[in-house]
file input.cif (mmCIF, C-alpha atoms)
data_data
loop_
_atom_site.label_atom_id
_atom_site.label_comp_id
_atom_site.auth_asym_id
_atom_site.auth_seq_id
_atom_site.Cartn_x
_atom_site.Cartn_y
_atom_site.Cartn_z
CA MET A 920 21.02 -5.44 -62.97
CA TYR A 921 19.87 -1.97 -61.89
CA ARG A 922 23.23 -0.53 -62.95
CA ASP A 923 22.75 -1.96 -66.45
CA ILE A 924 19.27 -0.42 -66.60
CA ALA A 925 20.66 2.91 -65.34
CA THR A 926 23.24 2.85 -68.14
CA LYS A 927 20.51 2.24 -70.71
CA LEU A 928 18.52 5.14 -69.29
CA VAL A 929 21.56 7.43 -69.48
CA ASN A 930 22.21 6.43 -73.08
CA ALA A 931 18.54 7.02 -73.96
CA ILE A 932 18.71 10.48 -72.37
CA GLN A 933 21.95 11.33 -74.18
CA ASP A 934 20.49 10.12 -77.47
CA GLY A 935 17.43 12.35 -77.02
CA GLU A 936 15.00 9.45 -76.74
CA PHE A 937 13.51 10.92 -73.57
CA GLU A 938 13.30 14.62 -74.35
CA THR A 939 11.48 16.09 -71.37
CA LYS A 940 10.47 13.36 -68.93
CA LEU A 941 11.15 9.74 -68.06
CA PRO A 942 8.36 7.24 -68.75
CA THR A 943 6.44 6.02 -65.71
CA GLU A 944 7.83 3.24 -63.54
CA ALA A 945 5.26 0.84 -65.00
CA GLN A 946 6.30 1.74 -68.55
CA LEU A 947 9.98 1.29 -67.71
CA MET A 948 9.26 -2.05 -66.02
CA ALA A 949 7.59 -3.25 -69.21
CA ARG A 950 10.33 -1.81 -71.42
CA TYR A 951 13.21 -3.50 -69.57
CA HIS A 952 11.34 -6.53 -68.14
CA VAL A 953 12.47 -5.92 -64.57
CA SER A 954 10.86 -5.38 -61.17
CA ARG A 955 9.70 -2.06 -59.72
CA ASN A 956 12.50 -2.19 -57.16
CA THR A 957 15.11 -2.55 -59.90
CA ILE A 958 13.64 0.38 -61.84
CA ARG A 959 13.57 2.57 -58.75
CA LYS A 960 17.22 1.81 -57.93
CA ALA A 961 18.19 2.51 -61.56
CA ILE A 962 16.33 5.82 -61.61
CA ASP A 963 17.92 6.84 -58.33
CA LEU A 964 21.37 6.14 -59.73
CA VAL A 965 20.66 8.29 -62.79
CA TYR A 966 19.24 11.00 -60.53
CA GLN A 967 22.48 11.03 -58.54
CA GLN A 968 24.37 11.88 -61.73
CA GLY A 969 22.40 15.12 -62.14
CA LEU A 970 20.59 13.95 -65.27
CA LEU A 971 17.12 14.08 -63.72
CA ARG A 972 15.12 16.40 -61.51
CA ARG A 973 12.34 15.07 -59.34
CA VAL A 974 8.96 16.81 -59.23
CA GLN A 975 6.71 15.57 -56.44
CA GLY A 976 3.61 13.94 -57.88
CA SER A 977 4.75 14.41 -61.49
CA GLY A 978 7.72 12.08 -61.87
CA TYR A 979 11.26 12.61 -63.16
CA PHE A 980 12.08 15.25 -65.74
CA ILE A 981 15.23 15.42 -67.85
CA ALA A 982 17.62 17.99 -66.39
CA THR A 983 18.65 20.55 -68.97
CA ILE A 984 21.86 22.49 -68.43
CA GLN A 985 21.56 25.76 -70.30
CA LEU A 986 24.73 27.77 -70.81
CA ARG A 987 24.68 29.99 -73.85
CA HIS A 988 27.51 29.40 -76.31
CA LYS A 989 28.89 26.59 -74.14
CA THR A 990 29.47 22.91 -74.78
CA VAL A 991 28.47 21.32 -71.47
CA VAL A 992 29.90 17.97 -70.34
CA ASN A 993 28.44 16.21 -67.30
CA LEU A 994 31.43 14.80 -65.43
CA SER A 995 29.20 13.33 -62.71
CA ALA A 996 27.92 10.71 -65.15
CA ARG A 997 31.30 9.03 -65.52
CA THR A 998 30.58 6.81 -62.53
CA MET A 999 27.96 5.09 -64.67
CA PRO A 1000 29.00 1.86 -66.41
CA SER A 1001 29.62 2.57 -70.12
CA SER A 1002 29.58 6.31 -69.43
CA ALA A 1003 33.12 7.63 -69.57
CA LEU A 1004 34.67 10.79 -68.23
CA HIS A 1005 34.33 12.31 -71.69
CA PRO A 1006 31.40 12.65 -74.08
CA ARG A 1007 30.38 9.66 -76.13
CA ASP A 1008 31.80 8.82 -79.55
CA LEU A 1009 35.26 10.25 -78.96
CA VAL A 1010 37.99 9.27 -81.39
CA SER A 1011 41.38 8.46 -79.88
CA LYS A 1012 44.89 8.87 -81.22
CA ILE A 1013 47.33 6.85 -79.10
CA VAL A 1014 50.57 8.61 -78.27
CA THR A 1015 51.92 6.04 -75.77
CA PHE A 1016 50.63 2.67 -74.60
CA ASP A 1017 53.09 0.68 -72.55
CA THR A 1018 53.90 -0.81 -69.15
CA ILE A 1019 55.97 1.11 -66.62
CA HIS A 1020 56.90 0.95 -62.94
CA SER A 1021 55.96 3.87 -60.72
CA ASP A 1022 58.75 6.19 -59.69
CA ALA A 1023 58.71 8.05 -56.37
CA ALA A 1024 56.72 11.02 -57.72
CA LEU A 1025 54.01 8.92 -59.37
CA ALA A 1026 53.82 6.57 -56.38
CA LYS A 1027 53.26 9.55 -54.09
CA GLN A 1028 50.64 11.02 -56.39
CA MET A 1029 48.74 7.73 -56.58
CA GLN A 1030 49.53 6.76 -52.97
CA ILE A 1031 50.87 3.39 -54.03
CA ALA A 1032 54.13 1.55 -53.46
CA GLU A 1033 57.15 2.57 -55.52
CA ASN A 1034 57.93 0.27 -58.45
CA SER A 1035 54.26 -0.76 -58.82
CA GLU A 1036 53.54 -2.06 -62.30
CA LEU A 1037 51.24 0.20 -64.31
CA TYR A 1038 49.70 0.46 -67.71
CA ARG A 1039 50.47 3.91 -69.09
CA VAL A 1040 48.10 5.37 -71.67
CA ILE A 1041 48.70 8.75 -73.26
CA ARG A 1042 46.24 9.69 -75.97
CA LEU A 1043 44.80 12.64 -77.81
CA ARG A 1044 41.03 12.57 -78.02
CA TYR A 1045 38.84 14.18 -80.65
CA TRP A 1046 35.18 15.14 -80.57
CA HIS A 1047 33.29 16.19 -83.69
CA ASN A 1048 36.61 16.08 -85.57
CA GLN A 1049 38.17 18.64 -83.24
CA LEU A 1050 40.80 18.13 -80.56
CA TYR A 1051 39.05 17.63 -77.22
CA CYS A 1052 41.76 16.73 -74.70
CA LEU A 1053 45.11 15.22 -73.88
CA GLU A 1054 44.73 12.34 -71.44
CA LYS A 1055 47.46 10.64 -69.41
CA ALA A 1056 46.22 7.66 -67.42
CA TYR A 1057 47.87 5.01 -65.29
CA TYR A 1058 46.12 1.70 -64.47
CA LEU A 1059 47.34 -0.69 -61.79
CA ARG A 1060 48.35 -4.02 -63.34
CA SER A 1061 47.41 -5.75 -60.08
CA VAL A 1062 43.81 -4.75 -60.83
CA VAL A 1063 43.90 -4.74 -64.64
CA PRO A 1064 46.18 -7.61 -65.71
CA TYR A 1065 45.41 -7.09 -69.39
CA LEU A 1066 44.34 -3.99 -71.32
CA SER A 1067 43.70 -4.47 -75.02
CA PRO A 1068 44.91 -2.08 -77.73
CA GLU A 1069 41.34 -2.06 -79.08
CA ALA A 1070 40.09 -0.74 -75.74
CA VAL A 1071 42.72 1.99 -75.66
CA ASN A 1072 41.60 3.06 -79.12
CA SER A 1073 37.99 3.33 -78.00
CA SER A 1074 36.55 3.10 -74.44
CA ILE A 1075 38.77 1.73 -71.69
CA TRP A 1076 35.87 1.88 -69.21
CA ASP A 1077 33.64 -0.24 -71.42
CA PHE A 1078 36.44 -2.81 -71.70
CA LEU A 1079 37.04 -2.92 -67.93
CA ASN A 1080 33.34 -3.34 -67.28
CA GLU A 1081 32.94 -6.12 -69.84
CA ALA A 1082 36.21 -7.97 -69.14
CA TYR A 1083 36.48 -7.61 -65.37
CA GLY A 1084 33.12 -6.31 -64.19
CA ILE A 1085 34.87 -3.20 -62.87
CA GLY A 1086 33.21 0.19 -62.69
CA ILE A 1087 34.00 3.41 -60.85
CA ALA A 1088 32.45 3.40 -57.40
CA ASN A 1089 33.78 6.83 -56.48
CA SER A 1090 36.55 9.23 -57.35
CA ASP A 1091 38.65 12.07 -56.02
CA ASP A 1092 38.85 14.93 -58.51
CA TYR A 1093 40.94 18.07 -58.62
CA LEU A 1094 40.02 20.68 -61.22
CA SER A 1095 42.56 23.42 -61.89
CA LEU A 1096 44.06 25.76 -64.43
CA THR A 1097 47.37 24.42 -65.64
CA ASN A 1098 50.20 25.79 -67.74
CA LEU A 1099 51.15 23.41 -70.53
CA THR A 1100 54.48 21.68 -70.16
CA GLU A 1101 56.80 21.59 -73.14
CA GLU A 1102 55.76 17.98 -73.84
CA GLU A 1103 52.03 18.75 -73.57
CA ALA A 1104 52.35 21.83 -75.76
CA SER A 1105 54.17 19.80 -78.41
CA LEU A 1106 51.52 17.05 -78.43
CA LEU A 1107 48.65 19.54 -78.53
CA GLN A 1108 50.43 21.86 -80.95
CA LEU A 1109 49.82 24.78 -78.62
CA GLY A 1110 52.07 27.26 -76.87
CA HIS A 1111 54.39 26.18 -74.07
CA GLY A 1112 53.04 27.73 -70.86
CA ASP A 1113 49.56 28.38 -72.27
CA THR A 1114 46.83 28.00 -69.64
CA TYR A 1115 44.08 25.37 -69.92
CA MET A 1116 41.67 23.54 -67.65
CA ALA A 1117 42.92 20.23 -66.23
CA LEU A 1118 41.30 17.46 -64.23
CA ASP A 1119 43.30 15.11 -62.01
CA SER A 1120 41.30 12.05 -60.98
CA CYS A 1121 41.90 9.05 -58.76
CA ASN A 1122 39.21 6.50 -59.53
CA TYR A 1123 38.23 3.75 -57.11
CA TYR A 1124 36.23 0.56 -57.55
CA LYS A 1125 34.72 -1.65 -54.83
CA ASN A 1126 35.96 -1.29 -51.24
CA ASN A 1127 37.60 2.02 -52.17
CA SER A 1128 40.44 0.22 -53.94
CA LEU A 1129 42.41 2.37 -56.36
CA LEU A 1130 41.97 1.57 -60.04
CA ASP A 1131 43.74 4.36 -61.86
CA PHE A 1132 45.01 7.91 -61.86
CA SER A 1133 44.50 10.26 -64.79
CA HIS A 1134 45.51 13.77 -65.77
CA THR A 1135 43.36 15.31 -68.50
CA VAL A 1136 43.93 18.67 -70.18
CA PHE A 1137 40.82 20.01 -71.95
CA VAL A 1138 41.31 22.15 -75.05
CA TYR A 1139 37.92 21.88 -76.74
CA PRO A 1140 36.67 25.42 -77.47
CA ASP A 1141 34.05 26.98 -75.20
CA LEU A 1142 33.80 23.91 -72.98
CA ALA A 1143 31.97 23.90 -69.63
CA LEU A 1144 32.40 21.03 -67.16
CA TYR A 1145 29.39 20.23 -65.00
CA PHE A 1146 29.36 18.45 -61.63
CA HIS A 1147 26.23 17.43 -59.76
CA THR A 1148 26.27 17.43 -55.96
CA THR A 1149 23.57 15.81 -53.86
CA ASN A 1150 23.02 16.97 -50.29
CA LEU A 1151 22.35 13.66 -48.56
CA ALA A 1152 20.92 15.45 -45.52
CA ASN A 1153 18.01 16.63 -47.64
CA ASN A 1154 17.21 13.21 -49.17
#

call {"tool": "encode", "arguments": {"input": "input.cif", "output": "C-alpha cells"}}
result
Amino acid sequence: MYRDIATKLVNAIQDGEFETKLPTEAQLMARYHVSRNTIRKAIDLVYQQGLLRRVQGSGYFIATIQLRHKTVVNLSARTMPSSALHPRDLVSKIVTFDTIHSDAALAKQMQIAENSELYRVIRLRYWHNQLYCLEKAYYLRSVVPYLSPEAVNSSIWDFLNEAYGIGIANSDDYLSLTNLTEEEASLLQLGHGDTYMALDSCNYYKNNSLLDFSHTVFVYPDLALYFHTTNLANN
C-alpha cells in the first residue's frame, strides 16, 4: 500500500499540487486513510527518488532542480510504480512491436540464454508535440507473457504494474554519448553519425530478476537528465 501512496505523492508533486512542502504526516494520514507507518514508508520512498529534501524539525520540502534554459527529467523516479523512465503524458508512435528470439549479441547484452523469447518494442516518443526520444526495449516473455498494443501505445510500466503487479525494484544504467546508426538516423530524421545522449538500462523486479533491457536515444532540445544518489552511510 505504501508504494501506491508514494505514487500518488509523486503525481501530486509533478502536478504542482504540493508547491513547496509536503503536508504533515497527520494531514497525509487523513488524506489517504492510512496509518502513520504507511505514510512514513511512502514519504521515504519518494525521498529516495530525489523529489524531497528533509529539514530537521520542519518536515519535507519539494526539491527544486534549477538549471537555466534546461528541461530537467528526474530519471531516479522511474522506479516508482506508474512513474516511467520518461516524463508523463508522452505520445508514442510505434515503429516495431513483435516477438523475437535473442541472438548471441542481445543475449550477451542482457545476460540471458540465446534464443530466449522476447517482446521487441521500438517506438518514437513525443513530448509537447516535439520528438523526445527513440526507444528500443526488449521484455522477457517468461516474465511478461502478454503485452497489449494499447500498453505499447501509452505506458508499458503502468500495464505491467496493473496486469502483473510488476514494478522496477532496481536497475543498472549506462549513460553515454552515442553516434546515430544509419537506422536510428533514418527513424529520427537526423544525420547518420550525429552525436546524442543515450541511456542503456537493465531493469530488475523482485529478487533481482531481469525484466527488460532498453536503449533510449534522447533528442529533445536542451534536455538535462537528473539522477539522485543517497549515501546510505549518512542515513

call {"tool": "atom_distance", "arguments": {"input": "input.cif", "atom1": "atom CA of Arg973 of chain A", "atom2": "atom CA of Thr990 of chain A"}}
result
24.4 Å

call {"tool": "closest_residue", "arguments": {"input": "input.cif", "among": "A:Thr1097, A:Thr939, A:Gln933, A:Gln1030", "to": "Asn993 of chain A", "atoms": "all atoms listed in the file"}}
result
A:Gln933

call {"tool": "residues_near_point", "arguments": {"input": "input.cif", "point": "(50.3, 10.4, -61.6)", "cutoff": "7 Å", "atoms": "only C-alpha atoms", "output": "list in words"}}
result
Leu1025, Gln1028, Met1029, Tyr1057, Phe1132 and Ser1133 of chain A

call {"tool": "resolve_selection", "arguments": {"input": "input.cif", "expression": "the PyMOL selection byres ((chain A and resi 959-967) around 7)", "output": "PyMOL selection string"}}
result
chain A and resi 921-922+924-925+929+955-958+968-972+1149

call {"tool": "resolve_selection", "arguments": {"input": "input.cif", "expression": "the PyMOL selection byres ((chain A and resi 1055) around 9)", "output": "PyMOL selection string"}}
result
chain A and resi 1039-1042+1053-1054+1056-1057+1132-1136

call {"tool": "closest_residue", "arguments": {"input": "input.cif", "among": "A:Leu1144, A:Met920, A:Ala1088, A:Val992", "to": "Asn1127 of chain A", "atoms": "only C-alpha atoms"}}
result
A:Ala1088

call {"tool": "residues_around", "arguments": {"input": "input.cif", "residues": "Trp1046 of chain A", "least_positions_apart": "2", "cutoff": "9 Å", "atoms": "only C-alpha atoms", "output": "ChimeraX atom specification"}}
result
/A:1006-1010,1044,1048-1052,1139

call {"tool": "closest_residue", "arguments": {"input": "input.cif", "among": "A:Ile932, A:Ala1024, A:Asp1131, A:Asp1141", "to": "Leu1037 of chain A", "atoms": "only C-alpha atoms"}}
result
A:Asp1131

call {"tool": "atom_distance", "arguments": {"input": "input.cif", "atom1": "atom CA of Ala1082 of chain A", "atom2": "atom CA of Cys1121 of chain A"}}
result
20.7 Å

call {"tool": "atom_distance", "arguments": {"input": "input.cif", "atom1": "atom CA of Pro1068 of chain A", "atom2": "atom CA of Glu1103 of chain A"}}
result
22.4 Å

call {"tool": "resolve_selection", "arguments": {"input": "input.cif", "expression": "the PyMOL selection byres ((chain A and resi 1035) around 6)", "output": "list in words"}}
result
His1020, Ser1021, Ala1032, Glu1033, Asn1034 and Glu1036 of chain A

call {"tool": "closest_residue", "arguments": {"input": "input.cif", "among": "A:Tyr1038, A:Tyr1058, A:Tyr1115, A:Tyr1123", "to": "Leu1142 of chain A", "atoms": "only C-alpha atoms"}}
result
A:Tyr1115

call {"tool": "closest_residue", "arguments": {"input": "input.cif", "among": "A:Leu1106, A:Leu1094, A:Ala1026, A:Ala982", "to": "Lys940 of chain A", "atoms": "all atoms listed in the file"}}
result
A:Ala982

call {"tool": "axis_aligned_box", "arguments": {"input": "input.cif", "around": "segment 1020-1031 of chain A", "padding_each_side": "6 Å", "output": "lines of an AutoDock Vina configuration file"}}
result
center_x = 53.7
center_y = 6.0
center_z = -58.0
size_x = 22.0
size_y = 22.1
size_z = 22.0

call {"tool": "decode", "arguments": {"input": "input.cif", "residues": "segment 938-961 of chain A", "atoms": "N, CA, C and O atoms", "output": "PDB file, in the first residue's frame"}}
result
ATOM      1  N   GLU A 938       3.406  22.621  -3.768  1.00  0.00           N
ATOM      2  CA  GLU A 938       4.347  23.507  -4.444  1.00  0.00           C
ATOM      3  C   GLU A 938       5.670  23.663  -3.692  1.00  0.00           C
ATOM      4  O   GLU A 938       6.735  23.733  -4.310  1.00  0.00           O
ATOM      5  N   THR A 939       5.612  23.754  -2.383  1.00  0.00           N
ATOM      6  CA  THR A 939       6.839  23.991  -1.635  1.00  0.00           C
ATOM      7  C   THR A 939       7.125  22.927  -0.580  1.00  0.00           C
ATOM      8  O   THR A 939       8.285  22.646  -0.296  1.00  0.00           O
ATOM      9  N   LYS A 940       6.073  22.324  -0.011  1.00  0.00           N
ATOM     10  CA  LYS A 940       6.272  21.437   1.124  1.00  0.00           C
ATOM     11  C   LYS A 940       5.172  20.392   1.165  1.00  0.00           C
ATOM     12  O   LYS A 940       4.026  20.659   0.776  1.00  0.00           O
ATOM     13  N   LEU A 941       5.526  19.192   1.624  1.00  0.00           N
ATOM     14  CA  LEU A 941       4.505  18.164   1.831  1.00  0.00           C
ATOM     15  C   LEU A 941       3.625  18.544   3.022  1.00  0.00           C
ATOM     16  O   LEU A 941       4.100  19.163   3.981  1.00  0.00           O
ATOM     17  N   PRO A 942       2.354  18.147   3.010  1.00  0.00           N
ATOM     18  CA  PRO A 942       1.535  18.286   4.216  1.00  0.00           C
ATOM     19  C   PRO A 942       2.135  17.472   5.361  1.00  0.00           C
ATOM     20  O   PRO A 942       3.016  16.627   5.151  1.00  0.00           O
ATOM     21  N   THR A 943       1.669  17.689   6.555  1.00  0.00           N
ATOM     22  CA  THR A 943       2.162  16.946   7.714  1.00  0.00           C
ATOM     23  C   THR A 943       1.755  15.474   7.598  1.00  0.00           C
ATOM     24  O   THR A 943       0.856  15.116   6.824  1.00  0.00           O
ATOM     25  N   GLU A 944       2.401  14.635   8.399  1.00  0.00           N
ATOM     26  CA  GLU A 944       2.045  13.217   8.405  1.00  0.00           C
ATOM     27  C   GLU A 944       0.575  13.025   8.761  1.00  0.00           C
ATOM     28  O   GLU A 944      -0.117  12.197   8.156  1.00  0.00           O
ATOM     29  N   ALA A 945       0.099  13.788   9.743  1.00  0.00           N
ATOM     30  CA  ALA A 945      -1.303  13.669  10.155  1.00  0.00           C
ATOM     31  C   ALA A 945      -2.244  14.040   9.016  1.00  0.00           C
ATOM     32  O   ALA A 945      -3.274  13.384   8.796  1.00  0.00           O
ATOM     33  N   GLN A 946      -1.899  15.092   8.282  1.00  0.00           N
ATOM     34  CA  GLN A 946      -2.737  15.506   7.149  1.00  0.00           C
ATOM     35  C   GLN A 946      -2.727  14.457   6.042  1.00  0.00           C
ATOM     36  O   GLN A 946      -3.767  14.179   5.433  1.00  0.00           O
ATOM     37  N   LEU A 947      -1.578  13.861   5.795  1.00  0.00           N
ATOM     38  CA  LEU A 947      -1.487  12.829   4.763  1.00  0.00           C
ATOM     39  C   LEU A 947      -2.209  11.555   5.199  1.00  0.00           C
ATOM     40  O   LEU A 947      -2.829  10.869   4.374  1.00  0.00           O
ATOM     41  N   MET A 948      -2.152  11.239   6.491  1.00  0.00           N
ATOM     42  CA  MET A 948      -2.893  10.086   7.000  1.00  0.00           C
ATOM     43  C   MET A 948      -4.386  10.268   6.761  1.00  0.00           C
ATOM     44  O   MET A 948      -5.086   9.328   6.350  1.00  0.00           O
ATOM     45  N   ALA A 949      -4.881  11.469   7.016  1.00  0.00           N
ATOM     46  CA  ALA A 949      -6.304  11.748   6.809  1.00  0.00           C
ATOM     47  C   ALA A 949      -6.653  11.762   5.326  1.00  0.00           C
ATOM     48  O   ALA A 949      -7.723  11.297   4.926  1.00  0.00           O
ATOM     49  N   ARG A 950      -5.749  12.272   4.514  1.00  0.00           N
ATOM     50  CA  ARG A 950      -5.998  12.380   3.074  1.00  0.00           C
ATOM     51  C   ARG A 950      -6.112  11.002   2.427  1.00  0.00           C
ATOM     52  O   ARG A 950      -6.998  10.763   1.598  1.00  0.00           O
ATOM     53  N   TYR A 951      -5.207  10.078   2.803  1.00  0.00           N
ATOM     54  CA  TYR A 951      -5.160   8.775   2.156  1.00  0.00           C
ATOM     55  C   TYR A 951      -5.743   7.637   3.005  1.00  0.00           C
ATOM     56  O   TYR A 951      -5.760   6.489   2.563  1.00  0.00           O
ATOM     57  N   HIS A 952      -6.188   7.960   4.220  1.00  0.00           N
ATOM     58  CA  HIS A 952      -6.846   6.976   5.097  1.00  0.00           C
ATOM     59  C   HIS A 952      -5.949   5.773   5.371  1.00  0.00           C
ATOM     60  O   HIS A 952      -6.351   4.617   5.216  1.00  0.00           O
ATOM     61  N   VAL A 953      -4.705   6.062   5.751  1.00  0.00           N
ATOM     62  CA  VAL A 953      -3.750   5.006   6.058  1.00  0.00           C
ATOM     63  C   VAL A 953      -3.043   5.334   7.375  1.00  0.00           C
ATOM     64  O   VAL A 953      -3.186   6.426   7.922  1.00  0.00           O
ATOM     65  N   SER A 954      -2.254   4.376   7.861  1.00  0.00           N
ATOM     66  CA  SER A 954      -1.570   4.532   9.138  1.00  0.00           C
ATOM     67  C   SER A 954      -0.341   5.432   9.006  1.00  0.00           C
ATOM     68  O   SER A 954       0.161   5.686   7.899  1.00  0.00           O
ATOM     69  N   ARG A 955       0.180   5.864  10.160  1.00  0.00           N
ATOM     70  CA  ARG A 955       1.389   6.688  10.173  1.00  0.00           C
ATOM     71  C   ARG A 955       2.576   5.924   9.594  1.00  0.00           C
ATOM     72  O   ARG A 955       3.393   6.485   8.862  1.00  0.00           O
ATOM     73  N   ASN A 956       2.655   4.635   9.896  1.00  0.00           N
ATOM     74  CA  ASN A 956       3.757   3.832   9.386  1.00  0.00           C
ATOM     75  C   ASN A 956       3.735   3.761   7.855  1.00  0.00           C
ATOM     76  O   ASN A 956       4.781   3.862   7.201  1.00  0.00           O
ATOM     77  N   THR A 957       2.543   3.619   7.286  1.00  0.00           N
ATOM     78  CA  THR A 957       2.417   3.575   5.829  1.00  0.00           C
ATOM     79  C   THR A 957       2.844   4.899   5.214  1.00  0.00           C
ATOM     80  O   THR A 957       3.551   4.938   4.195  1.00  0.00           O
ATOM     81  N   ILE A 958       2.403   6.008   5.817  1.00  0.00           N
ATOM     82  CA  ILE A 958       2.773   7.328   5.307  1.00  0.00           C
ATOM     83  C   ILE A 958       4.282   7.532   5.378  1.00  0.00           C
ATOM     84  O   ILE A 958       4.909   8.032   4.431  1.00  0.00           O
ATOM     85  N   ARG A 959       4.887   7.134   6.470  1.00  0.00           N
ATOM     86  CA  ARG A 959       6.326   7.319   6.619  1.00  0.00           C
ATOM     87  C   ARG A 959       7.107   6.512   5.587  1.00  0.00           C
ATOM     88  O   ARG A 959       8.101   6.996   5.023  1.00  0.00           O
ATOM     89  N   LYS A 960       6.668   5.276   5.319  1.00  0.00           N
ATOM     90  CA  LYS A 960       7.341   4.454   4.318  1.00  0.00           C
ATOM     91  C   LYS A 960       7.149   5.048   2.917  1.00  0.00           C
ATOM     92  O   LYS A 960       8.068   5.011   2.092  1.00  0.00           O
ATOM     93  N   ALA A 961       5.970   5.604   2.654  1.00  0.00           N
ATOM     94  CA  ALA A 961       5.701   6.229   1.358  1.00  0.00           C
ATOM     95  C   ALA A 961       6.574   7.470   1.173  1.00  0.00           C
ATOM     96  O   ALA A 961       7.182   7.664   0.102  1.00  0.00           O
TER      97      ALA A 961
END
